[in-house]
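Trainee: You'll find start_11.pdb just under this line, and it carries PDB, C-alpha atoms.
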```pdb
ATOM      1  CA  MET A  15     124.452  62.143  52.579
ATOM      2  CA  ASN A  16     122.864  58.878  53.798
ATOM      3  CA  THR A  17     124.449  59.373  57.246
ATOM      4  CA  GLN A  18     122.888  62.835  57.502
ATOM      5  CA  VAL A  19     119.466  61.451  56.584
ATOM      6  CA  LYS A  20     119.741  58.946  59.456
ATOM      7  CA  THR A  21     121.260  61.438  61.928
ATOM      8  CA  LEU A  22     118.627  64.158  61.529
ATOM      9  CA  PRO A  23     115.652  62.010  62.652
ATOM     10  CA  LYS A  24     117.676  60.749  65.633
ATOM     11  CA  LEU A  25     118.572  64.310  66.601
ATOM     12  CA  ILE A  26     114.952  65.412  66.264
ATOM     13  CA  PHE A  27     113.807  62.446  68.357
ATOM     14  CA  LEU A  28     116.418  63.212  71.054
ATOM     15  CA  SER A  29     115.196  66.836  71.199
ATOM     16  CA  ARG A  30     112.209  65.660  73.257
ATOM     17  CA  TRP A  31     114.596  65.567  76.238
ATOM     18  CA  LEU A  32     114.781  69.361  76.080
ATOM     19  CA  GLN A  33     111.367  69.302  77.793
ATOM     20  CA  ALA A  34     112.700  67.473  80.869
ATOM     21  CA  PRO A  35     113.974  70.688  82.557
ATOM     22  CA  LEU A  36     110.515  72.203  82.066
ATOM     23  CA  TYR A  37     108.931  69.347  84.036
ATOM     24  CA  LEU A  38     111.594  69.746  86.738
ATOM     25  CA  GLY A  39     110.692  73.446  86.890
ATOM     26  CA  LEU A  40     107.036  72.505  87.428
ATOM     27  CA  ILE A  41     108.132  70.371  90.383
ATOM     28  CA  VAL A  42     109.726  73.521  91.857
ATOM     29  CA  VAL A  43     106.421  75.355  91.232
ATOM     30  CA  MET A  44     104.706  72.567  93.201
ATOM     31  CA  GLY A  45     107.005  73.408  96.117
ATOM     32  CA  VAL A  46     105.866  77.035  95.900
ATOM     33  CA  TYR A  47     102.233  75.883  96.100
ATOM     34  CA  ILE A  48     103.027  73.708  99.114
ATOM     35  CA  TYR A  49     104.490  76.782 100.817
ATOM     36  CA  GLU A  50     101.467  78.955  99.894
ATOM     37  CA  PHE A  51      99.059  76.228 101.053
ATOM     38  CA  SER A  52     100.923  75.931 104.374
ATOM     39  CA  MET A  53     100.760  79.699 104.906
ATOM     40  CA  GLY A  54      97.024  79.762 104.072
ATOM     41  CA  LEU A  55      96.328  76.874 106.428
ATOM     42  CA  PHE A  56      98.366  78.538 109.176
ATOM     43  CA  HIS A  57      96.432  81.789 108.620
ATOM     44  CA  LEU A  58      93.123  79.909 108.879
ATOM     45  CA  ILE A  59      94.097  78.151 112.106
ATOM     46  CA  ALA A  60      95.690  81.240 113.675
ATOM     47  CA  ASN A  61      92.678  83.458 112.915
ATOM     48  CA  ILE A  62      89.821  80.991 113.362
ATOM     49  CA  GLU A  63      88.352  82.971 116.278
ATOM     50  CA  LYS A  64      88.367  86.247 114.322
ATOM     51  CA  LEU A  65      86.852  84.881 111.091
ATOM     52  CA  ASN A  66      83.166  84.671 110.306
ATOM     53  CA  GLU A  67      81.667  81.835 108.255
ATOM     54  CA  THR A  68      82.219  83.692 104.973
ATOM     55  CA  GLY A  69      85.850  84.379 105.848
ATOM     56  CA  VAL A  70      86.466  80.714 106.660
ATOM     57  CA  MET A  71      84.734  79.641 103.443
ATOM     58  CA  LEU A  72      86.832  82.026 101.336
ATOM     59  CA  ILE A  73      90.092  80.773 102.844
ATOM     60  CA  VAL A  74      88.972  77.150 102.393
ATOM     61  CA  LEU A  75      88.137  77.891  98.736
ATOM     62  CA  ASP A  76      91.635  79.361  98.329
ATOM     63  CA  LEU A  77      93.116  76.169  99.811
ATOM     64  CA  ILE A  78      90.965  73.988  97.532
ATOM     65  CA  ASP A  79      92.055  76.108  94.576
ATOM     66  CA  MET A  80      95.703  75.496  95.460
ATOM     67  CA  VAL A  81      95.078  71.731  95.702
ATOM     68  CA  LEU A  82      93.360  71.724  92.305
ATOM     69  CA  ILE A  83      96.259  73.621  90.762
ATOM     70  CA  ALA A  84      98.688  71.168  92.378
ATOM     71  CA  ASN A  85      96.648  68.303  90.872
ATOM     72  CA  LEU A  86      96.839  70.048  87.510
ATOM     73  CA  LEU A  87     100.606  70.328  87.908
ATOM     74  CA  ILE A  88     100.863  66.596  88.663
ATOM     75  CA  MET A  89      98.788  65.759  85.580
ATOM     76  CA  VAL A  90     100.997  67.954  83.402
ATOM     77  CA  ILE A  91     104.260  66.701  84.917
ATOM     78  CA  LEU A  92     103.464  62.981  84.833
ATOM     79  CA  GLY A  93     101.252  62.941  81.763
ATOM     80  CA  GLY A  94     103.413  65.295  79.737
ATOM     81  CA  TYR A  95     106.628  63.485  80.574
ATOM     82  CA  GLU A  96     105.037  60.091  79.828
ATOM     83  CA  THR A  97     103.473  61.318  76.566
ATOM     84  CA  PHE A  98     106.222  63.486  75.146
ATOM     85  CA  VAL A  99     109.560  62.568  76.751
ATOM     86  CA  SER A 100     109.884  58.990  77.993
ATOM     87  CA  ARG A 101     108.023  56.158  79.703
ATOM     88  CA  LEU A 102     107.939  56.298  83.486
ATOM     89  CA  ASN A 103     107.701  52.465  83.802
ATOM     90  CA  LEU A 104     105.579  52.554  86.957
ATOM     91  CA  GLN A 105     103.396  49.499  86.239
ATOM     92  CA  GLY A 106     104.865  47.487  89.129
ATOM     93  CA  ASP A 107     104.620  50.369  91.599
ATOM     94  CA  ALA A 108     101.800  50.023  94.152
ATOM     95  CA  ASP A 109     101.142  53.782  93.961
ATOM     96  CA  HIS A 110     100.942  53.818  90.162
ATOM     97  CA  PRO A 111      98.059  56.165  89.227
ATOM     98  CA  GLU A 112      95.469  54.353  87.085
ATOM     99  CA  TRP A 113      94.780  57.396  84.919
ATOM    100  CA  LEU A 114      98.394  57.348  83.723
ATOM    101  CA  ASP A 115      97.735  54.117  81.793
ATOM    102  CA  GLU A 116      95.181  55.929  79.635
ATOM    103  CA  VAL A 117      97.248  59.035  78.948
ATOM    104  CA  ASN A 118      97.685  60.209  75.406
ATOM    105  CA  ALA A 119      97.651  63.679  73.881
ATOM    106  CA  GLY A 120      93.834  63.630  73.513
ATOM    107  CA  THR A 121      93.041  62.512  77.050
ATOM    108  CA  MET A 122      95.630  64.967  78.412
ATOM    109  CA  LYS A 123      93.842  67.829  76.662
ATOM    110  CA  ILE A 124      90.469  66.735  78.069
ATOM    111  CA  LYS A 125      91.803  66.269  81.601
ATOM    112  CA  LEU A 126      93.540  69.643  81.507
ATOM    113  CA  ALA A 127      90.445  71.375  80.109
ATOM    114  CA  LEU A 128      88.263  69.864  82.832
ATOM    115  CA  ALA A 129      90.787  70.850  85.504
ATOM    116  CA  LEU A 130      90.766  74.431  84.216
ATOM    117  CA  VAL A 131      86.955  74.475  84.267
ATOM    118  CA  THR A 132      87.014  73.201  87.861
ATOM    119  CA  ILE A 133      89.546  75.840  88.925
ATOM    120  CA  SER A 134      87.496  78.519  87.175
ATOM    121  CA  SER A 135      84.395  77.242  88.984
ATOM    122  CA  ILE A 136      86.130  77.684  92.336
ATOM    123  CA  HIS A 137      87.089  81.256  91.424
ATOM    124  CA  LEU A 138      83.546  81.999  90.305
ATOM    125  CA  LEU A 139      82.100  80.478  93.468
ATOM    126  CA  ARG A 140      84.480  82.616  95.510
ATOM    127  CA  THR A 141      83.232  85.702  93.652
ATOM    128  CA  PHE A 142      79.577  84.762  94.177
ATOM    129  CA  ILE A 143      80.106  84.185  97.916
ATOM    130  CA  ASP A 144      81.545  87.665  98.397
ATOM    131  CA  PRO A 145      80.451  89.752  95.372
ATOM    132  CA  THR A 146      80.695  93.096  97.183
ATOM    133  CA  HIS A 147      84.457  93.221  96.622
ATOM    134  CA  LYS A 148      84.130  92.812  92.850
ATOM    135  CA  ASP A 149      83.144  95.311  90.201
ATOM    136  CA  PHE A 150      80.254  94.300  87.898
ATOM    137  CA  TYR A 151      82.566  94.107  84.891
ATOM    138  CA  VAL A 152      85.044  91.904  86.754
ATOM    139  CA  VAL A 153      82.225  89.486  87.629
ATOM    140  CA  MET A 154      80.894  89.626  84.066
ATOM    141  CA  TRP A 155      84.314  88.843  82.619
ATOM    142  CA  GLN A 156      84.821  85.989  85.075
ATOM    143  CA  VAL A 157      81.522  84.473  83.906
ATOM    144  CA  VAL A 158      82.427  84.996  80.231
ATOM    145  CA  ILE A 159      85.859  83.412  80.727
ATOM    146  CA  HIS A 160      84.316  80.507  82.650
ATOM    147  CA  LEU A 161      81.747  79.883  79.910
ATOM    148  CA  THR A 162      84.518  80.065  77.313
ATOM    149  CA  LEU A 163      86.479  77.424  79.240
ATOM    150  CA  VAL A 164      83.374  75.208  79.521
ATOM    151  CA  ILE A 165      82.624  75.501  75.781
ATOM    152  CA  SER A 166      86.294  74.850  74.956
ATOM    153  CA  ALA A 167      86.311  71.717  77.134
ATOM    154  CA  VAL A 168      83.170  70.424  75.415
ATOM    155  CA  VAL A 169      84.633  71.118  71.962
ATOM    156  CA  ILE A 170      87.910  69.396  72.896
ATOM    157  CA  ALA A 171      86.012  66.350  74.205
ATOM    158  CA  LEU A 172      83.803  66.171  71.095
ATOM    159  CA  THR A 173      86.811  66.540  68.813
ATOM    160  CA  ASP A 174      88.624  63.746  70.666
ATOM    161  CA  LYS A 175      85.525  61.544  70.424
ATOM    162  CA  LEU A 176      85.301  62.171  66.670
ATOM    163  CA  MET A 177      88.989  61.396  66.252
ATOM    164  CA  MET A 178      88.656  58.160  68.249
ATOM    165  CA  SER A 179      85.590  57.034  66.274
ATOM    166  CA  ARG A 180      87.502  57.596  63.005
ATOM    167  CA  HIS A 181      90.332  55.375  64.252
ATOM    168  CA  SER A 182      87.955  52.611  65.327
TER     169      SER A 182
END
```
What does the file become when written as structure tokens?

Mentor:
Amino acid sequence: MNTQVKTLPKLIFLSRWLQAPLYLGLIVVMGVYIYEFSMGLFHLIANIEKLNETGVMLIVLDLIDMVLIANLLIMVILGGYETFVSRLNLQGDADHPEWLDEVNAGTMKIKLALALVTISSIHLLRTFIDPTHKDFYVVMWQVVIHLTLVISAVVIALTDKLMMSRHS
């Protein structure tokens, strides 16, 4: 019985490694975004003479959106792996991202919420630049979803601040 009591916590602790394939899958998703970004950039360059200012701006916003999503993927891959699976041990690496030193579950939630608000802002800006292609209700729902994301990010940040002040 005593052996089982010691084995179960070890097994539960080892189960964190089941997340590793998920982070590897996100790296594959990053490759898909690199491909999509390359195709969008090629389209912009190939059609630069045919595009008006609005067309260029919309393609550039799409490219920025892809970069922001790629940044979000990096935050989830590195931060999630470091927080939930195992240490990356990058302190001696010259390219070690500073934000990774401050990563915990609370800061990850805030960073992810802010990234989602930023991505939503890009989508909303894209809609406002060319609103003729969107139905009123689509625009309304985009604004409602954006405001929901903003309020959620503020609530997450306030909750984290309250939790940190309790620990201090």

Trainee: Specify the axis-aligned box that encloses all atoms of stretch 34-51 of chain A listed in the file after padding of 3 Å on each side, stating its centre and edge lengths in Å to one decimal as JSON.

Mentor:
```
{"center_x": 106.5, "center_y": 73.2, "center_z": 91.0, "size_x": 20.9, "size_y": 17.5, "size_z": 26.2}
```

Trainee: For A:His57, list every protein, DNA or RNA residue within 12 Å, evaluated using all atoms listed in the file, and leave out those in the same chain fewer than 4 positions away; present the list as an NGL selection string.

Mentor: :A and (50-53 or 61-65 or 69-70 or 73-74 or 76-77)

Trainee: When distances are computed from all atoms listed in the file, which of A:Ile78, A:Ala119, A:Leu87, A:Val164 shows the smallest separation from A:Met178?

Mentor: A:Ala119

Trainee: Spell out the residues picked by the PyMOL selection byres ((chain A and resi 140-153) around 10) here, as number ranges by chain.

Mentor: A: 68-69, 71-76, 134-139, 154-159

Trainee: List the residues matched by the PyMOL selection byres ((chain A and resi 40) around 12) in the displayed structure as a JSON list (two decimals) with C-alpha atoms, in the coordinates of the input, ordered by chain and then by residue number.

Mentor:
```json
[["chain", "number", "residue", "atom", "x", "y", "z"],
["A", 33, "GLN", "CA", 111.37, 69.30, 77.79],
["A", 34, "ALA", "CA", 112.70, 67.47, 80.87],
["A", 35, "PRO", "CA", 113.97, 70.69, 82.56],
["A", 36, "LEU", "CA", 110.52, 72.20, 82.07],
["A", 37, "TYR", "CA", 108.93, 69.35, 84.04],
["A", 38, "LEU", "CA", 111.59, 69.75, 86.74],
["A", 39, "GLY", "CA", 110.69, 73.45, 86.89],
["A", 41, "ILE", "CA", 108.13, 70.37, 90.38],
["A", 42, "VAL", "CA", 109.73, 73.52, 91.86],
["A", 43, "VAL", "CA", 106.42, 75.36, 91.23],
["A", 44, "MET", "CA", 104.71, 72.57, 93.20],
["A", 45, "GLY", "CA", 107.00, 73.41, 96.12],
["A", 46, "VAL", "CA", 105.87, 77.04, 95.90],
["A", 47, "TYR", "CA", 102.23, 75.88, 96.10],
["A", 83, "ILE", "CA", 96.26, 73.62, 90.76],
["A", 84, "ALA", "CA", 98.69, 71.17, 92.38],
["A", 85, "ASN", "CA", 96.65, 68.30, 90.87],
["A", 86, "LEU", "CA", 96.84, 70.05, 87.51],
["A", 87, "LEU", "CA", 100.61, 70.33, 87.91],
["A", 88, "ILE", "CA", 100.86, 66.60, 88.66],
["A", 89, "MET", "CA", 98.79, 65.76, 85.58],
["A", 90, "VAL", "CA", 101.00, 67.95, 83.40],
["A", 91, "ILE", "CA", 104.26, 66.70, 84.92],
["A", 92, "LEU", "CA", 103.46, 62.98, 84.83],
["A", 94, "GLY", "CA", 103.41, 65.30, 79.74],
["A", 95, "TYR", "CA", 106.63, 63.48, 80.57]]
```

Trainee: Could you give me, as an MDAnalysis selection string, the residues within 8 Å of A:Ile124, counting all atoms listed in the file and dropping anything in the same chain fewer than 5 positions from it?

Mentor: chainID A and resid 167 170:171

Trainee: Excluding same-chain residues fewer than 5 positions from A:Lys175, what lies within 12 Å of it counting only C-alpha atoms, as a list in words?

Mentor: Gly120, Thr121, Ile124, Val168, Val169, Ile170, Arg180, His181 and Ser182 of chain A

Trainee: Write out as JSON lines a residue-level contact list of stretch 109-170 of chain A versus stretch 102-105 of chain A with cut-off 10 Å: for each qualifying residue the closest pair of atoms and the distance in Å to one decimal, counting only C-alpha atoms, rows sorted by chain and residue number upward.

Mentor:
```
{"residue": "A:Asp109", "atom": "CA", "partner": "A:Leu104", "partner_atom": "CA", "distance": 8.4}
{"residue": "A:His110", "atom": "CA", "partner": "A:Leu104", "partner_atom": "CA", "distance": 5.8}
{"residue": "A:Pro111", "atom": "CA", "partner": "A:Leu104", "partner_atom": "CA", "distance": 8.6}
{"residue": "A:Glu112", "atom": "CA", "partner": "A:Gln105", "partner_atom": "CA", "distance": 9.3}
{"residue": "A:Leu114", "atom": "CA", "partner": "A:Leu104", "partner_atom": "CA", "distance": 9.2}
{"residue": "A:Asp115", "atom": "CA", "partner": "A:Gln105", "partner_atom": "CA", "distance": 8.6}
```

Trainee: Using Å and a single decimal, report how far atom CA of A:Glu116 sits from atom CA of A:Leu28.

Mentor: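 So the answer is 24.0 Å.
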
Trainee: Which is closest to A:Leu172 among A:Ala129, A:Lys123, A:Arg101, A:Gly106, if we use all atoms listed in the file?

Mentor: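 Closest to A:Leu172 of all the choices is A:Lys123.
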
Trainee: Using all atoms listed in the file, which of the listed residues (A:Glu96, A:Ala127, A:Asp107, A:Leu58) sits closest to A:Trp31?

Mentor: A:Glu96

Trainee: State, in Å with one decimal place, the distance from atom CA of A:Ile133 to atom CA of A:Ile48.

Mentor: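 Atom-to-atom, atom CA of A:Ile133 to atom CA of A:Ile48, that is 17.0 Å.
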
Trainee: Separation of atom CA of A:Ile26 and atom CA of A:Gly93, in Å?

Mentor: 20.8 Å

Trainee: Which residue is closest to A:Gly54? Choose from A:Leu161, A:Leu22, A:Met80, A:Thr173 and count only C-alpha atoms.

Mentor: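 Checking each of A:Leu161, A:Leu22, A:Met80, A:Thr173 against A:Gly54, counting only C-alpha atoms, the winner is A:Met80.
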